[in-house]
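Data from model-v9.cif: mmCIF, C-alpha atoms and all ligand atoms
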```cif
data_query
loop_
_atom_site.group_PDB
_atom_site.id
_atom_site.type_symbol
_atom_site.label_atom_id
_atom_site.label_comp_id
_atom_site.auth_asym_id
_atom_site.auth_seq_id
_atom_site.Cartn_x
_atom_site.Cartn_y
_atom_site.Cartn_z
ATOM 1 C CA MET A 1 34.730 -15.127 0.702
ATOM 2 C CA SER A 2 32.251 -16.907 -1.510
ATOM 3 C CA SER A 3 29.998 -14.922 -3.778
ATOM 4 C CA PHE A 4 26.255 -15.014 -3.278
ATOM 5 C CA TYR A 5 26.011 -17.156 -6.411
ATOM 6 C CA ASP A 6 28.529 -19.711 -5.076
ATOM 7 C CA LEU A 7 26.759 -19.822 -1.720
ATOM 8 C CA VAL A 8 23.377 -20.489 -3.275
ATOM 9 C CA LEU A 9 24.788 -23.204 -5.512
ATOM 10 C CA GLU A 10 26.902 -24.856 -2.833
ATOM 11 C CA ARG A 11 24.487 -24.848 0.122
ATOM 12 C CA ARG A 12 23.084 -28.275 0.864
ATOM 13 C CA SER A 13 20.748 -29.648 3.507
ATOM 14 C CA ILE A 14 23.069 -31.297 6.012
ATOM 15 C CA ARG A 15 21.857 -34.489 7.680
ATOM 16 C CA SER A 16 25.114 -35.584 9.295
ATOM 17 C CA TYR A 17 26.935 -33.380 11.805
ATOM 18 C CA SER A 18 30.308 -33.444 13.509
ATOM 19 C CA SER A 19 30.204 -33.134 17.304
ATOM 20 C CA LYS A 20 32.628 -30.175 17.082
ATOM 21 C CA PRO A 21 31.027 -27.335 19.022
ATOM 22 C CA VAL A 22 29.936 -24.224 17.184
ATOM 23 C CA PRO A 23 31.362 -21.042 18.767
ATOM 24 C CA LEU A 24 28.465 -19.122 20.273
ATOM 25 C CA GLU A 25 29.682 -15.945 18.527
ATOM 26 C CA ASP A 26 29.029 -17.746 15.236
ATOM 27 C CA VAL A 27 25.569 -18.829 16.341
ATOM 28 C CA GLU A 28 24.814 -15.236 17.327
ATOM 29 C CA ASP A 29 26.257 -13.952 14.071
ATOM 30 C CA VAL A 30 24.017 -16.261 12.022
ATOM 31 C CA ILE A 31 20.983 -14.905 13.866
ATOM 32 C CA ARG A 32 22.079 -11.247 13.870
ATOM 33 C CA THR A 33 22.654 -11.379 10.123
ATOM 34 C CA ALA A 34 19.230 -12.926 9.551
ATOM 35 C CA LEU A 35 17.586 -10.204 11.634
ATOM 36 C CA GLU A 36 18.327 -7.900 8.670
ATOM 37 C CA ALA A 37 15.796 -9.898 6.611
ATOM 38 C CA PRO A 38 12.843 -8.030 5.149
ATOM 39 C CA SER A 39 9.361 -8.592 6.574
ATOM 40 C CA ALA A 40 5.870 -7.364 5.737
ATOM 41 C CA LYS A 41 5.422 -3.855 7.190
ATOM 42 C CA ASN A 42 8.784 -4.450 8.861
ATOM 43 C CA LEU A 43 6.880 -6.088 11.730
ATOM 44 C CA GLN A 44 9.606 -8.708 12.228
ATOM 45 C CA PRO A 45 7.098 -11.154 13.700
ATOM 46 C CA TRP A 46 9.703 -13.564 15.005
ATOM 47 C CA GLU A 47 11.671 -14.759 17.998
ATOM 48 C CA ILE A 48 14.417 -17.379 18.021
ATOM 49 C CA ILE A 49 15.225 -19.994 20.654
ATOM 50 C CA ILE A 50 18.791 -21.363 20.711
ATOM 51 C CA VAL A 51 18.860 -24.945 21.992
ATOM 52 C CA GLN A 52 22.140 -26.451 23.191
ATOM 53 C CA ASP A 53 21.027 -28.903 25.865
ATOM 54 C CA GLU A 54 21.593 -32.466 24.608
ATOM 55 C CA LYS A 55 18.497 -34.005 26.196
ATOM 56 C CA ARG A 56 16.319 -31.273 24.761
ATOM 57 C CA ARG A 57 17.911 -31.679 21.308
ATOM 58 C CA LYS A 58 17.212 -35.430 21.398
ATOM 59 C CA ARG A 59 13.621 -34.747 22.424
ATOM 60 C CA LEU A 60 13.221 -32.303 19.527
ATOM 61 C CA ALA A 61 14.618 -34.963 17.172
ATOM 62 C CA GLU A 62 11.894 -37.328 18.442
ATOM 63 C CA ILE A 63 9.299 -34.615 17.873
ATOM 64 C CA ALA A 64 10.655 -34.382 14.331
ATOM 65 C CA GLY A 65 9.563 -37.979 13.654
ATOM 66 C CA ARG A 66 12.829 -39.427 14.989
ATOM 67 C CA GLN A 67 15.058 -37.635 12.508
ATOM 68 C CA GLU A 68 18.079 -38.478 14.677
ATOM 69 C CA PHE A 69 20.455 -36.111 12.903
ATOM 70 C CA VAL A 70 18.442 -33.176 14.231
ATOM 71 C CA GLY A 71 19.584 -34.030 17.765
ATOM 72 C CA GLU A 72 23.153 -34.763 16.680
ATOM 73 C CA ALA A 73 23.808 -31.185 15.619
ATOM 74 C CA PRO A 74 25.295 -29.279 18.586
ATOM 75 C CA ILE A 75 22.734 -26.488 18.175
ATOM 76 C CA ILE A 76 19.106 -26.357 17.149
ATOM 77 C CA LEU A 77 17.594 -23.004 16.288
ATOM 78 C CA ALA A 78 13.849 -22.784 16.766
ATOM 79 C CA PRO A 79 12.341 -19.705 15.112
ATOM 80 C CA VAL A 80 8.978 -18.802 16.633
ATOM 81 C CA ALA A 81 6.210 -16.862 14.855
ATOM 82 C CA THR A 82 4.768 -14.215 17.164
ATOM 83 C CA GLU A 83 1.693 -13.439 15.017
ATOM 84 C CA PRO A 84 0.660 -16.662 13.310
ATOM 85 C CA GLU A 85 -2.872 -15.389 12.598
ATOM 86 C CA ARG A 86 -2.002 -12.361 10.446
ATOM 87 C CA VAL A 87 -2.870 -12.696 6.758
ATOM 88 C CA MET A 88 -1.663 -10.261 4.081
ATOM 89 C CA THR A 89 -3.950 -8.537 1.543
ATOM 90 C CA CYS A 90 -2.820 -11.150 -0.989
ATOM 91 C CA ASP A 91 -4.418 -13.825 1.244
ATOM 92 C CA ILE A 92 -1.122 -15.397 2.212
ATOM 93 C CA PRO A 93 -0.190 -15.845 5.895
ATOM 94 C CA ALA A 94 2.447 -13.223 6.670
ATOM 95 C CA TYR A 95 4.312 -15.322 9.216
ATOM 96 C CA ALA A 96 5.026 -18.109 6.735
ATOM 97 C CA VAL A 97 6.601 -15.653 4.323
ATOM 98 C CA ASP A 98 8.446 -13.543 6.889
ATOM 99 C CA LEU A 99 9.899 -16.472 8.788
ATOM 100 C CA SER A 100 10.848 -18.299 5.587
ATOM 101 C CA ILE A 101 12.934 -15.306 4.575
ATOM 102 C CA LEU A 102 14.468 -15.150 8.060
ATOM 103 C CA VAL A 103 15.378 -18.841 8.002
ATOM 104 C CA THR A 104 16.776 -18.633 4.475
ATOM 105 C CA HIS A 105 19.050 -15.807 5.589
ATOM 106 C CA MET A 106 20.205 -17.961 8.518
ATOM 107 C CA MET A 107 20.908 -20.921 6.239
ATOM 108 C CA LEU A 108 22.930 -18.889 3.781
ATOM 109 C CA ARG A 109 24.913 -17.043 6.454
ATOM 110 C CA ALA A 110 25.620 -20.387 8.150
ATOM 111 C CA ALA A 111 26.797 -21.843 4.829
ATOM 112 C CA GLU A 112 29.061 -18.854 4.313
ATOM 113 C CA LYS A 113 30.695 -19.652 7.663
ATOM 114 C CA GLY A 114 31.186 -23.334 6.772
ATOM 115 C CA LEU A 115 28.253 -24.404 8.944
ATOM 116 C CA GLY A 116 25.493 -26.789 7.903
ATOM 117 C CA THR A 117 21.750 -26.540 8.448
ATOM 118 C CA CYS A 118 18.677 -28.472 7.408
ATOM 119 C CA TRP A 119 15.223 -26.988 7.374
ATOM 120 C CA ILE A 120 12.902 -29.314 9.295
ATOM 121 C CA GLY A 121 9.268 -29.189 8.293
ATOM 122 C CA ALA A 122 8.355 -32.691 9.458
ATOM 123 C CA PHE A 123 7.805 -32.036 13.161
ATOM 124 C CA ASP A 124 4.904 -31.471 15.524
ATOM 125 C CA SER A 125 4.842 -27.739 16.148
ATOM 126 C CA GLN A 126 2.660 -27.973 19.268
ATOM 127 C CA GLU A 127 4.889 -30.624 20.852
ATOM 128 C CA ALA A 128 7.914 -28.466 20.060
ATOM 129 C CA ALA A 129 6.171 -25.458 21.657
ATOM 130 C CA ASP A 130 5.485 -27.521 24.799
ATOM 131 C CA GLU A 131 9.103 -28.725 24.977
ATOM 132 C CA LEU A 132 10.449 -25.205 24.486
ATOM 133 C CA GLY A 133 7.972 -23.467 26.796
ATOM 134 C CA VAL A 134 6.540 -21.318 23.988
ATOM 135 C CA PRO A 135 3.390 -19.506 25.171
ATOM 136 C CA ALA A 136 -0.009 -19.997 23.503
ATOM 137 C CA GLY A 137 -0.614 -17.768 20.469
ATOM 138 C CA ARG A 138 2.890 -18.293 19.129
ATOM 139 C CA LYS A 139 3.998 -21.013 16.702
ATOM 140 C CA VAL A 140 7.283 -22.895 16.393
ATOM 141 C CA PHE A 141 7.962 -22.405 12.695
ATOM 142 C CA THR A 142 10.756 -24.860 12.011
ATOM 143 C CA LEU A 143 13.628 -26.615 13.736
ATOM 144 C CA LEU A 144 16.978 -25.747 12.245
ATOM 145 C CA PRO A 145 19.901 -27.961 13.279
ATOM 146 C CA LEU A 146 23.181 -26.054 13.042
ATOM 147 C CA GLY A 147 26.656 -27.556 13.110
ATOM 148 C CA TYR A 148 29.742 -28.491 11.128
ATOM 149 C CA PRO A 149 28.878 -30.932 8.340
ATOM 150 C CA ALA A 150 30.304 -34.447 8.764
ATOM 151 C CA LYS A 151 29.304 -35.293 5.196
ATOM 152 C CA LYS A 152 28.237 -33.072 2.377
ATOM 153 C CA PRO A 153 25.536 -34.617 0.216
ATOM 154 C CA GLU A 154 25.274 -34.521 -3.553
ATOM 155 C CA ARG A 155 23.255 -31.775 -5.163
ATOM 156 C CA ARG A 156 19.656 -32.887 -5.615
ATOM 157 C CA PRO A 157 18.214 -32.316 -9.060
ATOM 158 C CA ARG A 158 16.245 -29.155 -9.749
ATOM 159 C CA LYS A 159 13.473 -28.542 -12.242
ATOM 160 C CA ASP A 160 14.539 -26.963 -15.508
ATOM 161 C CA PHE A 161 14.042 -23.255 -16.118
ATOM 162 C CA ASP A 162 11.711 -23.874 -19.063
ATOM 163 C CA ASP A 163 9.511 -26.250 -17.031
ATOM 164 C CA VAL A 164 8.688 -23.605 -14.431
ATOM 165 C CA VAL A 165 8.927 -20.243 -16.218
ATOM 166 C CA SER A 166 6.254 -18.718 -18.471
ATOM 167 C CA TRP A 167 6.462 -15.490 -20.417
ATOM 168 C CA GLU A 168 3.721 -12.855 -20.164
ATOM 169 C CA GLN A 169 0.979 -15.358 -19.315
ATOM 170 C CA TYR A 170 0.782 -18.727 -17.630
ATOM 171 C CA GLY A 171 2.118 -21.548 -19.772
ATOM 172 C CA GLN A 172 3.278 -19.297 -22.580
ATOM 173 C CA ASN A 173 6.715 -19.744 -24.143
ATOM 174 C CA ARG A 174 9.160 -16.966 -24.918
ATOM 175 C CA GLN A 175 8.468 -15.296 -28.216
ATOM 176 C CA GLU A 176 11.554 -15.624 -30.394
ATOM 177 C CA ASP A 177 12.744 -12.426 -32.065
ATOM 178 C CA ALA A 178 11.499 -12.224 -35.643
HETATM 179 C C1 LIG A 201 9.975 -26.203 4.048
HETATM 180 C C2 LIG A 201 11.028 -27.308 4.056
HETATM 181 C C3 LIG A 201 10.843 -28.415 4.867
HETATM 182 C C4 LIG A 201 11.821 -29.417 4.905
HETATM 183 N N1 LIG A 201 11.697 -30.453 5.796
HETATM 184 C C5 LIG A 201 12.688 -31.377 5.892
HETATM 185 C C6 LIG A 201 12.630 -32.390 6.888
HETATM 186 O O1 LIG A 201 11.728 -32.456 7.726
HETATM 187 N N2 LIG A 201 13.651 -33.303 6.924
HETATM 188 C C7 LIG A 201 14.705 -33.258 6.054
HETATM 189 O O2 LIG A 201 15.589 -34.114 6.142
HETATM 190 N N3 LIG A 201 14.793 -32.286 5.106
HETATM 191 C C8 LIG A 201 13.820 -31.342 5.020
HETATM 192 N N4 LIG A 201 13.928 -30.325 4.105
HETATM 193 C C9 LIG A 201 15.094 -30.255 3.202
HETATM 194 C C10 LIG A 201 14.737 -30.604 1.748
HETATM 195 O O3 LIG A 201 14.546 -31.986 1.642
HETATM 196 C C11 LIG A 201 15.875 -30.113 0.833
HETATM 197 O O4 LIG A 201 15.961 -28.715 0.884
HETATM 198 C C12 LIG A 201 15.688 -30.532 -0.640
HETATM 199 O O5 LIG A 201 15.680 -31.935 -0.753
HETATM 200 C C13 LIG A 201 16.797 -29.978 -1.538
HETATM 201 O O6 LIG A 201 18.069 -30.371 -1.083
HETATM 202 P P1 LIG A 201 19.190 -29.318 -0.687
HETATM 203 O O7 LIG A 201 18.623 -28.430 0.409
HETATM 204 O O8 LIG A 201 20.365 -30.116 -0.185
HETATM 205 O O9 LIG A 201 19.525 -28.515 -1.894
HETATM 206 C C14 LIG A 201 12.973 -29.313 4.063
HETATM 207 C C15 LIG A 201 13.146 -28.185 3.258
HETATM 208 C C16 LIG A 201 12.199 -27.174 3.260
HETATM 209 C C17 LIG A 201 12.453 -25.944 2.433
#
```

Take the structure from the file and write it as structure tokens.
Ligand SMILES: Cc1cc2nc3c(=O)[nH]c(=O)nc-3n(C[C@H](O)[C@H](O)[C@H](O)COP(=O)(O)O)c2cc1C
Amino acid sequence: MSSFYDLVLERRSIRSYSSKPVPLEDVEDVIRTALEAPSAKNLQPWEIIIVQDEKRRKRLAEIAGRQEFVGEAPIILAPVATEPERVMTCDIPAYAVDLSILVTHMMLRAAEKGLGTCWIGAFDSQEAADELGVPAGRKVFTLLPLGYPAKKPERRPRKDFDDVVSWEQYGQNRQEDA
């Protein structure tokens, strides 16, 4: 079993999937694990649609600006925000935070099971809602293809620690010990 550290370092966004089916127990396990994610006031403002149907997957890929790989994965998970209007005291929309944590848990649990995912932000949420029969007042948050990776991409570069971290106040460097 990989450590959390290994998982975080090894997870990649997968854009090429094998057609090998994903056992439904594994799909359920990925979701059940993610349901343990924290959420503001523990409101758990989410629902998840599991899409297997090939025609529907291809349609969702079109809705995602023709990112064909989205439809090639044997499963697409579509997390839905049930309260997209709620804003936290800190002036940040709660659903965006809560569902991001949910999806991150799904991605890491999937990776732990040898499954690939790719967060899709480039899609038309209203068109996805129409395709998936999501009622008004709810928002399709992302599309998450899920399947066995056909290719594993290279790690993409990350910003350096010192370029993004300040000490005590914005932009301030660490004070060296005297
Ligand atoms: C909010 C969000 C939206 C994204 N949208 C897309 C997308 O529409 N299509 C895509 O191919 N990758 C998408 N990605 C994946 C990023 O490109 C990817 O995470 C980043 O390049 C780092 O690569 P890695 O995930 O392999 O480490 C998205 C990632 C996030 C977190």

*Kindly give the distance, in Å, that separates CA of Phe69 in chain A and atom C6 of ligand LIG 201 (chain A), rounded to a single decimal.*
10.5 Å

*asked:* I'd like to see the residues matched by the PyMOL selection byres (((chain A and resi 148) around 8) and not hetatm) on this file, and ideally I'd get them as a list in words.
replied: Tyr17, Ser18, Ser19, Lys20, Val22, Ala73, Gly114, Leu115, Gly116, Leu146, Gly147, Pro149 and Ala150 of chain A

_To check your reading of the model: which residues sit at most 12 Å from ligand LIG 201 (chain A) when counting only C-alpha atoms and all ligand atoms? Write the answer as a ChimeraX atom specification._
/A:7-16,60-70,96-97,99-101,103-104,107-108,111,116-125,141-145,151-159

*Could you spell out the hits of the PyMOL selection byres (((chain A and resi 27-37) around 6) and not hetatm) on the shown file, as a count of residues only?*
9

*What does the distance from CA of Arg59 in chain A to CA of Leu77 in chain A come to in Å, to one decimal?*
13.8 Å

_Shell of 12 Å around Met88 in chain A, all atoms listed in the file, local chain residues under 6 positions omitted, as a VMD selection string_ = chain A and resid 39 to 41 94 to 98

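Considering all atoms listed in the file, the residue among A:Glu83, A:Asp91, A:Val164, A:Arg56 positioned nearest to Ala128 in chain A is A:Arg56.
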
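A straight line drawn from CA of Ile75 in chain A to CA of Trp46 in chain A is 18.6 Å long.
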
Range 88-97 of chain A, all listed atoms, 8 Å padding on each side: what axis-aligned box centre and edge lengths in Å to one decimal come out, as lines of an AutoDock Vina configuration file?
```
center_x = 1.1
center_y = -13.3
center_z = 4.1
size_x = 27.0
size_y = 25.6
size_z = 26.2
```

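Distances to Arg57 in chain A were evaluated for A:Glu72, A:Arg86, A:Val140, A:Gly171 using all atoms listed in the file, and the minimum falls at A:Glu72.
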
*Written as a PyMOL selection string, which residues does the PyMOL selection byres (((chain A and resi 79) around 6) and not hetatm) give for the file shown?*
chain A and resi 47-48+78+80+141

*Hey, which of A:Leu43, A:Ala81, A:Cys90, A:Ile50 ends up closest to Gly137 in chain A? Count all atoms listed in the file.*
A:Ala81

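Considering all atoms listed in the file, the residue among A:Glu127, A:Val51, A:Asn173, A:Glu112 positioned nearest to Ser2 in chain A is A:Glu112.
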
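Minimum distance to Lys58 in chain A across A:Glu85, A:Asn42, A:Pro23, A:Glu131 (counting all atoms listed in the file) occurs at A:Glu131.
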